[in-house]
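Participant: Below is the file work.txt, with compact mmCIF, C-alpha atoms.
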# COMPACT_ATOMS: atom_id res chain seq x y z
CA MET A 1 -68.96 -77.80 84.13
CA THR A 2 -67.82 -76.59 80.75
CA GLN A 3 -67.55 -80.17 79.46
CA LEU A 4 -71.06 -80.99 80.66
CA SER A 5 -72.51 -77.93 78.91
CA ALA A 6 -70.71 -78.74 75.68
CA ALA A 7 -71.96 -82.32 75.74
CA ALA A 8 -75.51 -81.18 76.43
CA ALA A 9 -75.54 -78.57 73.67
CA PRO A 10 -76.62 -80.84 70.80
CA ALA A 11 -79.63 -82.19 72.75
CA PRO A 12 -82.26 -79.77 71.32
CA ALA A 13 -81.23 -80.70 67.77
CA ILE A 14 -81.51 -84.40 68.59
CA ALA A 15 -84.89 -83.82 70.21
CA GLU A 16 -86.11 -82.04 67.08
CA VAL A 17 -85.01 -84.93 64.88
CA VAL A 18 -86.75 -87.47 67.13
CA ALA A 19 -89.92 -85.37 67.25
CA GLU A 20 -89.95 -85.09 63.47
CA ALA A 21 -89.36 -88.82 62.99
CA THR A 22 -92.15 -89.82 65.41
CA ALA A 23 -94.68 -87.17 64.37
CA GLY A 24 -98.20 -88.58 64.15
CA PRO A 25 -100.95 -86.45 62.54
CA GLY A 26 -99.89 -84.73 59.34
CA THR A 27 -97.40 -87.35 58.22
CA ALA A 28 -97.79 -88.89 54.77
CA PRO A 29 -99.94 -92.05 54.73
CA VAL A 30 -98.20 -95.35 54.08
CA ALA A 31 -99.53 -97.09 50.98
CA VAL A 32 -100.90 -100.63 51.18
CA HIS A 33 -99.88 -102.41 47.97
CA ASP A 34 -101.75 -105.16 46.14
CA HIS A 35 -98.53 -106.80 44.96
CA ILE A 36 -94.90 -106.74 46.11
CA THR A 37 -93.78 -105.29 42.77
CA ASP A 38 -95.62 -102.06 43.58
CA ALA A 39 -93.48 -101.66 46.68
CA LEU A 40 -90.23 -102.70 45.00
CA LYS A 41 -90.42 -100.52 41.91
CA ASP A 42 -90.27 -97.17 43.69
CA PRO A 43 -86.78 -96.25 44.90
CA ALA A 44 -85.66 -94.57 48.08
CA LEU A 45 -84.51 -91.06 47.13
CA ILE A 46 -81.54 -90.14 49.31
CA ARG A 47 -79.64 -86.85 49.26
CA LEU A 48 -75.90 -87.59 49.21
CA SER A 49 -74.86 -83.93 49.07
CA GLY A 50 -76.38 -80.55 48.31
CA SER A 51 -76.88 -81.30 44.62
CA VAL A 52 -76.61 -85.12 44.41
CA VAL A 53 -79.59 -87.43 44.97
CA LEU A 54 -79.40 -91.22 44.85
CA ALA A 55 -82.34 -93.28 43.59
CA ARG A 56 -81.61 -96.52 45.43
CA PHE A 57 -83.58 -99.59 44.33
CA GLU A 58 -83.79 -103.08 45.69
CA THR A 59 -83.95 -104.03 42.02
CA MET A 60 -84.45 -101.40 39.33
CA LYS A 61 -85.20 -104.10 36.72
CA VAL A 62 -88.71 -104.40 38.18
CA TYR A 63 -89.62 -101.24 36.22
CA ALA A 64 -88.35 -102.79 32.99
CA ALA A 65 -90.04 -106.15 33.53
CA LEU A 66 -93.39 -104.77 34.69
CA GLY A 67 -93.57 -102.23 31.89
CA ALA A 68 -92.58 -104.79 29.26
CA VAL A 69 -95.02 -107.51 30.34
CA ARG A 70 -97.88 -105.03 30.75
CA THR A 71 -97.24 -103.52 27.32
CA LEU A 72 -97.01 -106.93 25.63
CA LEU A 73 -100.33 -107.95 27.17
CA GLU A 74 -102.03 -104.68 26.25
CA THR A 75 -100.89 -104.92 22.63
CA GLY A 76 -101.84 -108.59 22.33
CA LYS A 77 -98.30 -109.77 21.56
CA VAL A 78 -98.63 -112.25 24.44
CA VAL A 79 -101.68 -113.72 26.16
CA PRO A 80 -102.30 -114.55 29.83
CA GLY A 81 -100.75 -117.86 30.79
CA GLN A 82 -98.13 -117.81 28.02
CA THR A 83 -94.51 -118.62 28.88
CA LEU A 84 -92.02 -115.75 28.77
CA VAL A 85 -88.39 -116.76 28.39
CA ASP A 86 -85.12 -114.86 28.61
CA SER A 87 -81.46 -115.09 29.47
CA SER A 88 -80.26 -113.36 32.63
CA SER A 89 -77.38 -113.00 35.04
CA GLY A 90 -79.86 -112.76 37.93
CA ILE A 91 -81.47 -109.37 38.60
CA TYR A 92 -83.67 -109.30 35.50
CA ALA A 93 -84.58 -112.96 36.06
CA LEU A 94 -86.09 -112.21 39.46
CA ALA A 95 -87.84 -109.09 38.16
CA LEU A 96 -89.36 -111.02 35.25
CA ALA A 97 -90.46 -113.86 37.53
CA MET A 98 -92.22 -111.36 39.80
CA ALA A 99 -93.86 -109.63 36.84
CA CYS A 100 -95.08 -113.02 35.57
CA HIS A 101 -96.39 -113.81 39.06
CA ARG A 102 -98.32 -110.55 39.05
CA TYR A 103 -99.81 -110.84 35.56
CA GLY A 104 -100.53 -114.56 35.48
CA MET A 105 -97.76 -115.57 33.08
CA ARG A 106 -95.33 -118.49 33.08
CA CYS A 107 -91.60 -117.79 33.26
CA HIS A 108 -88.56 -119.67 31.99
CA ILE A 109 -85.04 -118.42 32.73
CA VAL A 110 -81.79 -119.39 31.04
CA ALA A 111 -79.47 -118.51 33.87
CA SER A 112 -75.85 -117.48 34.01
CA THR A 113 -73.57 -119.15 36.54
CA THR A 114 -73.83 -115.88 38.52
CA VAL A 115 -77.35 -116.93 39.55
CA ASP A 116 -76.64 -118.34 42.99
CA ALA A 117 -78.60 -120.86 45.07
CA THR A 118 -80.58 -118.16 46.88
CA MET A 119 -81.70 -116.54 43.65
CA ARG A 120 -82.52 -119.87 42.05
CA ALA A 121 -84.65 -120.89 45.03
CA GLN A 122 -86.63 -117.65 44.77
CA LEU A 123 -87.19 -118.20 41.06
CA GLU A 124 -88.38 -121.75 41.54
CA VAL A 125 -90.76 -120.90 44.39
CA LEU A 126 -92.20 -118.11 42.22
CA GLY A 127 -93.00 -120.78 39.64
CA ALA A 128 -90.22 -120.10 37.14
CA THR A 129 -88.34 -122.95 35.49
CA VAL A 130 -84.59 -122.46 35.33
CA ASP A 131 -81.95 -123.80 32.94
CA ARG A 132 -78.52 -123.03 34.35
CA MET A 133 -75.63 -122.85 31.94
CA PRO A 134 -72.31 -124.55 32.78
CA PRO A 135 -69.33 -122.36 33.79
CA SER A 136 -67.66 -120.45 30.96
CA GLN A 137 -64.14 -119.15 30.52
CA SER A 138 -65.40 -115.66 29.64
CA LEU A 139 -68.44 -113.42 29.93
CA ARG A 140 -68.72 -113.31 26.14
CA LEU A 141 -68.88 -117.09 25.91
CA ASP A 142 -71.42 -117.21 28.76
CA GLN A 143 -73.69 -114.65 27.05
CA GLU A 144 -73.43 -116.30 23.64
CA ARG A 145 -74.09 -119.77 25.09
CA ARG A 146 -77.21 -118.55 26.87
CA VAL A 147 -78.56 -116.94 23.69
CA ARG A 148 -77.95 -120.16 21.72
CA HIS A 149 -79.86 -122.09 24.36
CA VAL A 150 -82.82 -119.68 24.18
CA ARG A 151 -82.93 -120.11 20.39
CA SER A 152 -82.91 -123.87 20.82
CA LEU A 153 -85.82 -123.63 23.26
CA LEU A 154 -87.82 -121.50 20.82
CA ARG A 155 -87.37 -124.08 18.08
CA GLN A 156 -88.80 -126.72 20.42
CA ARG A 157 -91.48 -124.46 21.92
CA PRO A 158 -92.64 -121.83 19.41
CA ASP A 159 -95.36 -120.82 21.89
CA PHE A 160 -92.68 -119.31 24.16
CA HIS A 161 -92.18 -115.53 23.89
CA TRP A 162 -88.56 -114.36 24.03
CA MET A 163 -88.39 -111.15 26.08
CA ARG A 164 -85.02 -110.08 24.60
CA GLN A 165 -84.17 -107.69 27.42
CA TYR A 166 -81.00 -106.64 25.61
CA HIS A 167 -82.70 -105.71 22.35
CA ASP A 168 -86.48 -105.18 22.63
CA GLU A 169 -87.33 -101.52 23.21
CA VAL A 170 -90.50 -102.56 25.06
CA HIS A 171 -88.25 -102.49 28.16
CA TYR A 172 -88.13 -98.70 27.90
CA ALA A 173 -91.86 -98.46 28.68
CA GLY A 174 -91.69 -98.96 32.44
CA TYR A 175 -89.22 -96.13 32.99
CA ARG A 176 -91.80 -93.52 31.97
CA GLU A 177 -93.41 -94.10 35.36
CA PHE A 178 -90.05 -93.64 37.07
CA ALA A 179 -89.54 -90.40 35.13
CA ALA A 180 -92.85 -89.07 36.42
CA LEU A 181 -91.79 -89.87 39.98
CA VAL A 182 -88.42 -88.17 39.51
CA GLY A 183 -89.99 -85.14 37.86
CA ALA A 184 -92.29 -84.62 40.82
CA ALA A 185 -89.67 -85.25 43.51
CA LEU A 186 -86.75 -83.18 42.23
CA PRO A 187 -86.68 -79.38 41.92
CA SER A 188 -87.38 -77.81 38.56
CA GLY A 189 -84.43 -77.06 36.32
CA PRO A 190 -81.69 -79.07 34.62
CA ILE A 191 -80.97 -82.64 35.75
CA THR A 192 -77.83 -84.67 35.19
CA VAL A 193 -78.62 -88.39 35.22
CA VAL A 194 -75.63 -90.59 36.13
CA GLY A 195 -75.97 -94.32 35.64
CA ALA A 196 -74.20 -97.47 34.55
CA VAL A 197 -74.97 -98.55 30.99
CA GLY A 198 -75.94 -102.20 30.89
CA THR A 199 -78.82 -102.98 28.55
CA GLY A 200 -79.35 -99.23 28.10
CA SER A 201 -83.02 -99.35 29.09
CA SER A 202 -82.80 -97.64 32.49
CA THR A 203 -80.61 -94.66 31.59
CA GLY A 204 -82.12 -94.38 28.11
CA GLY A 205 -85.74 -94.90 29.12
CA LEU A 206 -85.56 -92.43 32.00
CA THR A 207 -83.76 -89.78 29.94
CA GLU A 208 -86.08 -90.07 26.94
CA ALA A 209 -89.14 -89.72 29.17
CA LEU A 210 -87.73 -86.73 31.08
CA ARG A 211 -86.67 -84.94 27.90
CA GLY A 212 -90.03 -85.72 26.34
CA GLY A 213 -91.68 -84.00 29.30
CA GLY A 214 -89.66 -80.83 28.73
CA ARG A 215 -86.83 -81.36 31.21
CA GLU A 216 -83.29 -80.38 30.29
CA VAL A 217 -81.34 -83.58 30.93
CA ARG A 218 -77.66 -84.31 30.59
CA LEU A 219 -76.97 -88.05 30.50
CA VAL A 220 -73.70 -89.37 31.92
CA GLY A 221 -73.04 -93.05 31.24
CA VAL A 222 -70.64 -95.30 33.16
CA GLN A 223 -68.76 -98.20 31.57
CA PRO A 224 -66.05 -100.68 32.57
CA PHE A 225 -62.91 -101.37 30.59
CA GLY A 226 -63.46 -104.44 28.44
CA SER A 227 -67.04 -103.60 27.39
CA VAL A 228 -67.92 -103.46 23.69
CA THR A 229 -70.82 -101.04 24.23
CA PHE A 230 -68.76 -97.83 24.09
CA GLY A 231 -65.57 -99.11 22.52
CA SER A 232 -63.39 -100.27 25.41
CA GLU A 233 -63.26 -103.94 24.41
CA GLY A 234 -59.54 -103.67 23.68
CA PHE A 235 -58.83 -103.58 27.42
CA SER A 236 -58.95 -106.37 29.96
CA ASP A 237 -60.46 -105.93 33.40
CA PRO A 238 -62.34 -109.20 34.03
CA GLU A 239 -63.64 -108.16 37.44
CA ALA A 240 -65.32 -105.02 36.12
CA ILE A 241 -67.71 -106.38 33.45
CA ILE A 242 -70.50 -107.06 35.87
CA ALA A 243 -74.27 -107.06 35.77
CA GLY A 244 -75.56 -103.57 35.07
CA ILE A 245 -72.32 -102.04 33.78
CA GLY A 246 -70.95 -103.51 30.58
CA SER A 247 -71.27 -106.18 27.94
CA SER A 248 -69.09 -108.30 25.71
CA ILE A 249 -71.74 -108.37 22.96
CA PRO A 250 -73.63 -105.44 21.33
CA PHE A 251 -77.00 -104.56 22.91
CA GLY A 252 -79.71 -103.15 20.65
CA ASN A 253 -81.36 -101.25 23.51
CA VAL A 254 -78.35 -98.95 23.97
CA ARG A 255 -79.15 -95.72 22.13
CA HIS A 256 -75.73 -94.14 21.96
CA GLU A 257 -77.04 -90.81 20.70
CA LEU A 258 -78.74 -90.15 24.07
CA TYR A 259 -75.46 -89.91 26.01
CA ASP A 260 -73.64 -86.63 26.60
CA THR A 261 -70.65 -87.84 28.64
CA LEU A 262 -69.03 -91.23 29.19
CA HIS A 263 -66.83 -92.42 32.05
CA TRP A 264 -64.83 -95.67 31.96
CA LEU A 265 -63.70 -97.05 35.35
CA ASP A 266 -61.82 -100.14 36.44
CA PHE A 267 -62.97 -102.51 39.17
CA ARG A 268 -60.91 -100.84 41.91
CA HIS A 269 -62.60 -97.48 41.28
CA ALA A 270 -66.10 -98.99 41.24
CA MET A 271 -65.30 -100.81 44.49
CA THR A 272 -64.12 -97.54 46.04
CA GLY A 273 -67.39 -95.84 45.15
CA ALA A 274 -69.47 -98.67 46.64
CA VAL A 275 -67.44 -98.78 49.87
CA GLU A 276 -67.57 -95.00 50.21
CA LEU A 277 -71.34 -95.01 49.72
CA LEU A 278 -71.74 -97.43 52.62
CA ARG A 279 -69.11 -95.79 54.84
CA ARG A 280 -70.26 -92.22 54.38
CA HIS A 281 -74.01 -92.58 53.77
CA ALA A 282 -74.86 -96.05 55.22
CA VAL A 283 -76.19 -97.10 51.80
CA PHE A 284 -75.51 -100.74 50.92
CA ALA A 285 -75.62 -100.87 47.13
CA GLY A 286 -74.12 -102.81 44.24
CA LEU A 287 -70.96 -102.24 42.26
CA SER A 288 -72.65 -100.39 39.39
CA THR A 289 -74.10 -97.95 41.94
CA GLY A 290 -70.66 -97.47 43.45
CA ALA A 291 -69.21 -96.61 40.05
CA ALA A 292 -72.03 -94.11 39.35
CA HIS A 293 -71.59 -92.58 42.82
CA LEU A 294 -67.87 -91.97 42.28
CA VAL A 295 -68.58 -90.37 38.88
CA ALA A 296 -71.36 -88.14 40.24
CA ARG A 297 -69.12 -87.06 43.13
CA TRP A 298 -66.46 -85.89 40.67
CA GLU A 299 -68.94 -84.33 38.23
CA SER A 300 -70.81 -82.38 40.92
CA GLU A 301 -67.59 -80.81 42.18
CA ARG A 302 -67.18 -79.19 38.75
CA GLN A 303 -70.78 -78.22 38.06
CA PRO A 304 -72.56 -77.86 41.42
CA ASP A 305 -75.35 -75.68 40.02
CA THR A 306 -77.44 -78.57 38.70
CA THR A 307 -79.25 -81.51 40.28
CA TYR A 308 -77.56 -84.91 39.91
CA LEU A 309 -79.59 -88.09 39.98
CA VAL A 310 -77.52 -91.25 40.58
CA LEU A 311 -79.15 -94.55 39.60
CA GLY A 312 -78.64 -97.24 42.24
CA ALA A 313 -79.82 -100.39 40.49
CA ASP A 314 -79.62 -102.97 43.30
CA THR A 315 -78.40 -103.76 46.79
CA GLY A 316 -74.90 -104.85 47.71
CA HIS A 317 -75.68 -108.41 48.76
CA ARG A 318 -74.21 -110.01 45.63
CA TYR A 319 -70.94 -108.20 46.30
CA ALA A 320 -70.49 -108.93 50.01
CA GLU A 321 -67.41 -111.11 49.52
CA ARG A 322 -66.04 -109.67 46.31
CA VAL A 323 -66.28 -105.98 47.25
CA PHE A 324 -67.28 -105.16 50.82
CA ALA A 325 -65.13 -107.79 52.53
CA ARG A 326 -62.19 -106.11 50.77
CA HIS A 327 -63.06 -102.60 51.96
CA SER A 328 -59.58 -102.02 53.36
CA GLU A 329 -58.24 -102.15 49.79
CA ALA A 330 -60.35 -99.18 48.68
CA PRO A 331 -58.34 -95.94 48.28
CA GLU A 332 -59.50 -92.52 49.44
CA PRO A 333 -62.05 -91.44 46.80
CA GLY A 334 -60.92 -87.81 46.93
CA SER A 335 -57.53 -88.89 45.57
CA LEU A 336 -59.02 -90.42 42.39
CA ARG A 337 -59.30 -88.38 39.19
CA PRO A 338 -60.16 -89.32 35.60
CA VAL A 339 -58.08 -88.52 32.53
CA ARG A 340 -59.95 -86.38 30.00
CA ILE A 341 -59.82 -87.75 26.46
CA GLY A 342 -61.06 -86.46 23.13
CA ARG A 343 -61.36 -89.73 21.20
CA LEU A 344 -61.52 -93.45 21.91
CA GLY A 345 -57.95 -93.95 20.74
CA GLU A 346 -56.80 -92.08 23.87
CA LEU A 347 -58.79 -94.30 26.24
CA ARG A 348 -56.75 -95.77 29.08
CA PRO A 349 -57.30 -97.25 32.55
CA PRO A 350 -57.97 -96.79 35.35
CA TRP A 351 -60.44 -93.93 34.75
CA SER A 352 -61.14 -91.92 31.60
CA VAL A 353 -63.86 -89.39 30.74
CA MET A 354 -64.96 -88.20 27.31
CA GLU A 355 -67.64 -85.86 26.01
CA TRP A 356 -69.62 -88.34 23.95
CA ALA A 357 -71.96 -85.62 22.62
CA GLY A 358 -74.53 -87.94 21.06
CA ARG A 359 -72.14 -89.90 18.87
CA ALA A 360 -73.32 -93.06 17.15
CA ALA A 361 -72.21 -96.53 18.28
CA PRO A 362 -68.44 -97.00 17.92
In structure tokens, what does this structure look like?

Facilitator:
Amino acid sequence: MTQLSAAAAPAPAIAEVVAEATAGPGTAPVAVHDHITDALKDPALIRLSGSVVLARFETMKVYAALGAVRTLLETGKVVPGQTLVDSSSGIYALALAMACHRYGMRCHIVASTTVDATMRAQLEVLGATVDRMPPSQSLRLDQERRVRHVRSLLRQRPDFHWMRQYHDEVHYAGYREFAALVGAALPSGPITVVGAVGTGSSTGGLTEALRGGGREVRLVGVQPFGSVTFGSEGFSDPEAIIAGIGSSIPFGNVRHELYDTLHWLDFRHAMTGAVELLRRHAVFAGLSTGAAHLVARWESERQPDTTYLVLGADTGHRYAERVFARHSEAPEPGSLRPVRIGRLGELRPPWSVMEWAGRAAP
């Protein structure tokens, strides 16, 4: 009798949840979009803990691509029907192809070997032409080879417009819309933005827009060991320099002075964050999101009186074999701690944290 009562006790709570989920009148209307990019650009906002909220995107680069193409058209720097070209490891390529589809532009992608058959098929069906580079011995060589190929294309076709996602600040424009969404959704007061620093446009664009609107924002950047962006190129962690986290060449869109704190993590730590995000919250997200999640988890334990916004740039599908199939290798996240450093000369794996405090590029 006692066991039956105990088992039945949670039923009212479950009934309340079901009633709330199936409520009819009074629920928010579902928008009908004119183009898929309108649906993709807005993230799902998911509370991971009392003070930590994840902005989980299917592909966050849609904001960058849409904002850039729209701005270029509005300013007359490109015209409808013109070909837009850029180098990409995959996520930006798809976002640019969709933006071109929406605005009536042509698209040409110089693709890294990380662009798989599924991605390439999507690009081609969307009307993009794709030049795939041969395999390289290093990420640096791959990036440099792609840039050389783009320059060669421009010499042959001066009518092409090079988007320069790594260097053209026009990619900041789209994140103003994201900032407005975040500002309306999150409670008033200070926000700590935690995100991987790839091209710099997402973390930088969001933070600039929020600060410009009067928000107090602390920006925490996440980097791998081996990335030149924040001075860790002296280390080797080949698995960790992945799309959305680091770079082997300088990116002009990274505005170092915007960042308050920097964390450097190795691949194993980023994998742990991604696995934990799926295990604990049922969120299937990429490796850069996992790294940001682990950092935000540690940061929020020390300063719980502020709202943390974690940027989840993409889904976990690209990492199914490399990360999630190896979930048994991931350590308990609560056992992982960074080493605090005061200067780059003290940097060391597997996890370091430093108050960057708006320093210039190293």

Participant: Just how far from atom CA of Lys77 of chain A is atom CA of Met163 of chain A, in Å to one decimal?

Facilitator: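 Calculated distance between atom CA of Met163 of chain A and atom CA of Lys77 of chain A is 11.0 Å.
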
Participant: Return the single residue from A:His293, A:Arg157, A:Arg302, A:His171 that is closest to Gly204 of chain A, with distances computed using only C-alpha atoms.

Facilitator: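 Using only C-alpha atoms, Gly204 of chain A sits closest to A:His171.
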
Participant: For Phe324 of chain A, please output as a VMD selection string all residues within 10 Å (counting all atoms listed in the file; exclusion window: fewer than 6 positions along the same chain).

Facilitator: chain A and resid 271 to 272 274 to 275 278 284 286 to 287 316 to 318 330

Participant: Find the residues near Gly345 of chain A: any atom within 12 Å, counting only C-alpha atoms, skip ones fewer than 6 places away on the same chain, and give them as a short mmCIF file (atom, residue, chain, number, x, y, z; two decimals) with C-alpha atoms, in the frame of the given file.

Facilitator:
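And here's selection.cif as it stands now:
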data_model
loop_
_atom_site.label_atom_id
_atom_site.label_comp_id
_atom_site.auth_asym_id
_atom_site.auth_seq_id
_atom_site.Cartn_x
_atom_site.Cartn_y
_atom_site.Cartn_z
CA PHE A 230 -68.76 -97.83 24.09
CA GLY A 231 -65.57 -99.11 22.52
CA SER A 232 -63.39 -100.27 25.41
CA GLU A 233 -63.26 -103.94 24.41
CA GLY A 234 -59.54 -103.67 23.68
CA PHE A 235 -58.83 -103.58 27.42
CA SER A 352 -61.14 -91.92 31.60
CA MET A 354 -64.96 -88.20 27.31
CA PRO A 362 -68.44 -97.00 17.92
#

Participant: Ranking A:Val194, A:His269, A:Tyr259, A:Leu344 by minimum distance to Arg359 of chain A and counting only C-alpha atoms, which one comes first?

Facilitator: A:Tyr259

Participant: What's the separation between atom CA of Lys41 of chain A and atom CA of Arg279 of chain A, in Å to one decimal place?

Facilitator: 25.4 Å

Participant: Using only C-alpha atoms, which of A:Gln82, A:Ala285, A:Leu186, A:Phe267 sits nearest Glu329 of chain A?

Facilitator: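 Nearest candidate to Glu329 of chain A out of A:Gln82, A:Ala285, A:Leu186, A:Phe267: A:Phe267.
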
Participant: Give me, please, the distance in Å between atom CA of Asp86 of chain A and atom CA of Pro134 of chain A, quoted to one decimal.

Facilitator: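 Distance between the two atoms: 16.6 Å.
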
Participant: When you count all atoms listed in the file, which of these residues is closest to Asn253 of chain A: A:Leu40, A:Val170, A:Leu210, A:Val182?

Facilitator: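 The closest residue to Asn253 of chain A is A:Val170.
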
Participant: Which polymer residues have any atom within 8 Å of an atom of Gly189 of chain A, counting all atoms listed in the file, with same-chain residues fewer than 4 positions away left out, as a list in words?

Facilitator: Arg215, Glu216, Thr306 and Thr307 of chain A

Participant: Would you mind exporting C-alpha atoms of the selected residues as a CSV table (one decimal), in the frame of the given file?

Facilitator:
chain,number,residue,atom,x,y,z
A,215,ARG,CA,-86.8,-81.4,31.2
A,216,GLU,CA,-83.3,-80.4,30.3
A,306,THR,CA,-77.4,-78.6,38.7
A,307,THR,CA,-79.2,-81.5,40.3

Participant: Hey, what's within 10 Å of Ala99 of chain A if we count only C-alpha atoms and toss same-chain stuff fewer than 3 positions away? As an mmCIF file with C-alpha atoms, keeping the file's coordinate frame, please?

Facilitator:
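Saved as selection.cif:
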data_model
loop_
_atom_site.group_PDB
_atom_site.id
_atom_site.type_symbol
_atom_site.label_atom_id
_atom_site.label_comp_id
_atom_site.auth_asym_id
_atom_site.auth_seq_id
_atom_site.Cartn_x
_atom_site.Cartn_y
_atom_site.Cartn_z
ATOM 1 C CA HIS A 35 -98.530 -106.800 44.960
ATOM 2 C CA ILE A 36 -94.900 -106.740 46.110
ATOM 3 C CA THR A 37 -93.780 -105.290 42.770
ATOM 4 C CA VAL A 62 -88.710 -104.400 38.180
ATOM 5 C CA TYR A 63 -89.620 -101.240 36.220
ATOM 6 C CA ALA A 64 -88.350 -102.790 32.990
ATOM 7 C CA ALA A 65 -90.040 -106.150 33.530
ATOM 8 C CA LEU A 66 -93.390 -104.770 34.690
ATOM 9 C CA GLY A 67 -93.570 -102.230 31.890
ATOM 10 C CA ALA A 68 -92.580 -104.790 29.260
ATOM 11 C CA VAL A 69 -95.020 -107.510 30.340
ATOM 12 C CA ARG A 70 -97.880 -105.030 30.750
ATOM 13 C CA ALA A 93 -84.580 -112.960 36.060
ATOM 14 C CA LEU A 94 -86.090 -112.210 39.460
ATOM 15 C CA ALA A 95 -87.840 -109.090 38.160
ATOM 16 C CA LEU A 96 -89.360 -111.020 35.250
ATOM 17 C CA ARG A 102 -98.320 -110.550 39.050
ATOM 18 C CA TYR A 103 -99.810 -110.840 35.560
ATOM 19 C CA GLY A 104 -100.530 -114.560 35.480
ATOM 20 C CA MET A 105 -97.760 -115.570 33.080
ATOM 21 C CA ARG A 106 -95.330 -118.490 33.080
ATOM 22 C CA CYS A 107 -91.600 -117.790 33.260
#

Participant: Can I get the residues of segment 194-303 of chain A within 8 Å of segment 50-53 of chain A, each with the closest pair of atoms and their distance in Å to one decimal, using all atoms listed in the file, sorted chain first then ascending number, as a tab-separated table?

Facilitator:
residue	atom	partner	partner_atom	distance
A:Ala296	CA	A:Val52	CA	7.4
A:Arg297	CA	A:Val52	CA	7.8
A:Ser300	CA	A:Ser51	CA	7.2

Participant: Residues proximal to (-68.4, -97.6, 38.0) were defined as those with any atom within 6 Å of that point in the file's coordinates, counting only C-alpha atoms. Which are they, as a list in words?

Facilitator: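 Here is the list of nearby residues: Val222, Leu265, Ala270, Ser288, Gly290, Ala291 and Ala292 of chain A.
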
Participant: Which of these, A:Pro338, A:Gly221, A:Gly174, A:Pro349, has the shortest distance to Gly200 of chain A once you count only C-alpha atoms?

Facilitator: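 Of all the options, A:Gly221 lies closest to Gly200 of chain A.
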
Participant: Need the shell around segment 87-90 of chain A: protein/DNA/RNA residues with any atom at most 7 Å away, counting all atoms listed in the file. Skip same-chain ones fewer than 4 positions apart. Format as an NGL selection string?

Facilitator: :A and (94 or 109-112 or 114-115 or 146-147 or 243)

Participant: Between A:Leu294, A:Ile91, A:Met98, A:Ala39, single out the one closest to Arg337 of chain A, counting only C-alpha atoms.

Facilitator: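 Of A:Leu294, A:Ile91, A:Met98, A:Ala39, the one nearest Arg337 of chain A is A:Leu294, counting only C-alpha atoms.
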
Participant: The residues within 12 Å of (-78.1, -80.4, 31.0), using only C-alpha atoms and the coordinates of the file, should be reported as an MDAnalysis selection string; which are they?

Facilitator: chainID A and resid 189:194 207 210:211 214:220 258:261 303 305:309 357
